[in-house]
Structures are given as C-alpha cells and as structure tokens.
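> Next up, query12.pdb (PDB, C-alpha atoms, pLDDT in the B column).
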ATOM      1  CA  MET M   1       0.000   0.000   0.000  1.00 74.00           C
ATOM      2  CA  ALA M   2       1.258   3.442  -0.910  1.00 87.00           C
ATOM      3  CA  ILE M   3       0.051   6.839   0.267  1.00 90.00           C
ATOM      4  CA  ILE M   4       0.471  10.096  -1.660  1.00 89.00           C
ATOM      5  CA  ILE M   5      -0.372  13.420  -0.029  1.00 91.00           C
ATOM      6  CA  LYS M   6      -0.227  16.673  -1.974  1.00 92.00           C
ATOM      7  CA  GLY M   7      -1.261  20.115  -0.912  1.00 91.00           C
ATOM      8  CA  ASN M   8      -1.658  23.721  -1.935  1.00 89.00           C
ATOM      9  CA  PRO M   9       0.309  26.055   0.373  1.00 86.00           C
ATOM     10  CA  PHE M  10      -1.886  29.046  -0.490  1.00 90.00           C
ATOM     11  CA  THR M  11      -5.287  27.484   0.296  1.00 89.00           C
ATOM     12  CA  HIS M  12      -3.999  24.900   2.805  1.00 86.00           C
ATOM     13  CA  HIS M  13      -5.997  22.242   0.916  1.00 88.00           C
ATOM     14  CA  GLU M  14      -4.600  18.713   1.020  1.00 90.00           C
ATOM     15  CA  GLU M  15      -5.509  15.650  -1.010  1.00 92.00           C
ATOM     16  CA  LYS M  16      -4.632  12.122   0.007  1.00 95.00           C
ATOM     17  CA  ARG M  17      -4.631   9.010  -2.171  1.00 95.00           C
ATOM     18  CA  GLU M  18      -3.972   5.480  -0.946  1.00 96.00           C
ATOM     19  CA  SER M  19      -3.370   2.651  -3.382  1.00 95.00           C
ATOM     20  CA  MET M  20      -3.685  -1.091  -2.912  1.00 92.00           C
ATOM     21  CA  PRO M  21      -2.952  -3.901  -5.380  1.00 91.00           C
ATOM     22  CA  THR M  22      -5.978  -5.941  -6.455  1.00 89.00           C
ATOM     23  CA  LYS M  23      -4.056  -9.213  -6.481  1.00 86.00           C
ATOM     24  CA  THR M  24      -2.329  -9.961  -3.192  1.00 77.00           C
ATOM     25  CA  PRO M  25      -0.632 -13.111  -1.879  1.00 78.00           C
ATOM     26  CA  TRP M  26      -2.749 -13.134   1.289  1.00 75.00           C
ATOM     27  CA  CYS M  27      -6.114 -12.889  -0.531  1.00 72.00           C
ATOM     28  CA  ALA M  28      -7.193 -15.600  -2.986  1.00 73.00           C
ATOM     29  CA  THR M  29      -9.807 -13.469  -4.773  1.00 81.00           C
ATOM     30  CA  LEU M  30      -9.214 -10.343  -6.836  1.00 87.00           C
ATOM     31  CA  LEU M  31     -10.393  -7.123  -5.254  1.00 89.00           C
ATOM     32  CA  LYS M  32     -12.823  -5.032  -7.329  1.00 93.00           C
ATOM     33  CA  CYS M  33     -13.901  -1.404  -7.642  1.00 95.00           C
ATOM     34  CA  ASP M  34     -16.825  -0.647  -5.326  1.00 95.00           C
ATOM     35  CA  TRP M  35     -18.617   1.320  -8.065  1.00 96.00           C
ATOM     36  CA  CYS M  36     -18.045  -0.323 -11.474  1.00 96.00           C
ATOM     37  CA  GLY M  37     -16.739  -3.761 -10.458  1.00 94.00           C
ATOM     38  CA  GLN M  38     -13.570  -3.627 -12.576  1.00 93.00           C
ATOM     39  CA  SER M  39     -10.376  -5.171 -11.277  1.00 91.00           C
ATOM     40  CA  PRO M  40      -7.379  -3.127 -12.521  1.00 93.00           C
ATOM     41  CA  LYS M  41      -3.825  -3.544 -11.184  1.00 92.00           C
ATOM     42  CA  ALA M  42      -4.503  -1.170  -8.281  1.00 94.00           C
ATOM     43  CA  LEU M  43      -7.447   0.308  -6.400  1.00 95.00           C
ATOM     44  CA  TYR M  44      -7.482   3.762  -4.824  1.00 96.00           C
ATOM     45  CA  LYS M  45      -9.032   5.435  -1.788  1.00 96.00           C
ATOM     46  CA  TYR M  46      -9.266   9.228  -1.829  1.00 95.00           C
ATOM     47  CA  ASN M  47      -9.146  11.470   1.269  1.00 93.00           C
ATOM     48  CA  ASP M  48     -10.040   8.638   3.691  1.00 90.00           C
ATOM     49  CA  SER M  49     -13.473   8.238   2.101  1.00 93.00           C
ATOM     50  CA  LYS M  50     -15.467   5.026   2.124  1.00 93.00           C
ATOM     51  CA  GLY M  51     -14.675   2.407  -0.538  1.00 94.00           C
ATOM     52  CA  TRP M  52     -11.911   1.460  -2.983  1.00 95.00           C
ATOM     53  CA  PHE M  53     -12.130   2.643  -6.603  1.00 96.00           C
ATOM     54  CA  CYS M  54     -10.336   2.053  -9.904  1.00 95.00           C
ATOM     55  CA  ASN M  55     -10.014   5.795 -10.650  1.00 95.00           C
ATOM     56  CA  LYS M  56     -11.060   9.281  -9.524  1.00 93.00           C
ATOM     57  CA  GLU M  57     -14.104   9.354 -11.853  1.00 96.00           C
ATOM     58  CA  CYS M  58     -15.600   6.244 -10.184  1.00 95.00           C
ATOM     59  CA  HIS M  59     -14.948   7.801  -6.778  1.00 95.00           C
ATOM     60  CA  ASN M  60     -16.681  11.044  -7.766  1.00 94.00           C
ATOM     61  CA  SER M  61     -19.649   9.189  -9.300  1.00 95.00           C
ATOM     62  CA  TYR M  62     -20.087   7.042  -6.209  1.00 95.00           C
ATOM     63  CA  HIS M  63     -19.863   9.925  -3.735  1.00 91.00           C
ATOM     64  CA  GLY M  64     -21.377  12.487  -6.151  1.00 84.00           C
TER      65      GLY M  64
END
Could you spell out this file's structure in structure tokens?


Amino acid sequence: MAIIIKGNPFTHHEEKRESMPTKTPWCATLLKCDWCGQSPKALYKYNDSKGWFCNKECHNSYHG
C-alpha cells in the first residue's frame, strides 16, 4: 500500500490518495472497484473516504 499526499500552500488544501494492489498473496480473490466492479492492477481510496475505486471518476460518481 502506498500513500500520496499533496497540498496547496496558499489554500492549505490537502488531497490524500492510498493505493492497494488488487491481487495480493494473502487474498485468494481479486479485489474489485466498489462502483463499477472492474479489477485493474490497483485500487485507490481518496481522502479517507469510504470504498476502494479504480479511478477518480468512479470515486466522484459514487460519492457524487
């Protein structure tokens, strides 16, 4: 799992993105996007929100 945090020093706005591989040695099944059901190489979680998604568009549609 990797975490990327970027911010804007003028507005003090931060964005956080965590990534997790869909195929792991400790889990026999492939993990899938909570919105569209696809299983890419990695899933992402944005700003500690609920769910894992294949991209930012799926995240925005789900939480829209």

> Can you tell me, as a VMD selection string, which residues sit within 9 Å of (-20.5, -0.8, -4.3) in the file's frame, using all atoms listed in the file?

chain M and resid 33 to 37 51 to 52 62

> Counting all atoms listed in the file, which of M:Ile5, M:Ala42, M:Asp48, M:His63 gets nearest to Leu30 of chain M?

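Smallest distance to Leu30 of chain M is found for M:Ala42.
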
> Compile the contact shell of Cys54 of chain M as a PyMOL selection string: residues with an atom at most 12 Å away, counting all atoms listed in the file, same-chain residues fewer than 5 positions apart removed.

chain M and resi 17-22+31-46+59-62

> Just C-alpha atoms for this one: save the residues we selected as a JSON list (two decimals), keeping the file's coordinate frame.


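File selection.json, as written:
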[["chain", "number", "residue", "atom", "x", "y", "z"],
["M", 17, "ARG", "CA", -4.63, 9.01, -2.17],
["M", 18, "GLU", "CA", -3.97, 5.48, -0.95],
["M", 19, "SER", "CA", -3.37, 2.65, -3.38],
["M", 20, "MET", "CA", -3.68, -1.09, -2.91],
["M", 21, "PRO", "CA", -2.95, -3.90, -5.38],
["M", 22, "THR", "CA", -5.98, -5.94, -6.46],
["M", 31, "LEU", "CA", -10.39, -7.12, -5.25],
["M", 32, "LYS", "CA", -12.82, -5.03, -7.33],
["M", 33, "CYS", "CA", -13.90, -1.40, -7.64],
["M", 34, "ASP", "CA", -16.82, -0.65, -5.33],
["M", 35, "TRP", "CA", -18.62, 1.32, -8.06],
["M", 36, "CYS", "CA", -18.05, -0.32, -11.47],
["M", 37, "GLY", "CA", -16.74, -3.76, -10.46],
["M", 38, "GLN", "CA", -13.57, -3.63, -12.58],
["M", 39, "SER", "CA", -10.38, -5.17, -11.28],
["M", 40, "PRO", "CA", -7.38, -3.13, -12.52],
["M", 41, "LYS", "CA", -3.82, -3.54, -11.18],
["M", 42, "ALA", "CA", -4.50, -1.17, -8.28],
["M", 43, "LEU", "CA", -7.45, 0.31, -6.40],
["M", 44, "TYR", "CA", -7.48, 3.76, -4.82],
["M", 45, "LYS", "CA", -9.03, 5.44, -1.79],
["M", 46, "TYR", "CA", -9.27, 9.23, -1.83],
["M", 59, "HIS", "CA", -14.95, 7.80, -6.78],
["M", 60, "ASN", "CA", -16.68, 11.04, -7.77],
["M", 61, "SER", "CA", -19.65, 9.19, -9.30],
["M", 62, "TYR", "CA", -20.09, 7.04, -6.21]]

> Have a look at M:Ile3, M:Phe53, M:Ala28, M:Cys58 and name the one nearest to Lys16 of chain M; count all atoms listed in the file.

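Nearest candidate to Lys16 of chain M out of M:Ile3, M:Phe53, M:Ala28, M:Cys58: M:Ile3.
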
> One decimal, in Å: what's the spacing between atom CA of Gly7 of chain M and atom CA of Asn47 of chain M?

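These two atoms are separated by 11.9 Å.
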
> To one decimal in Å, tell me the separation between atom CA of Ile4 of chain M and atom CA of Glu57 of chain M.

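Computing the Euclidean distance for atom CA of Ile4 of chain M and atom CA of Glu57 of chain M yields 17.8 Å.
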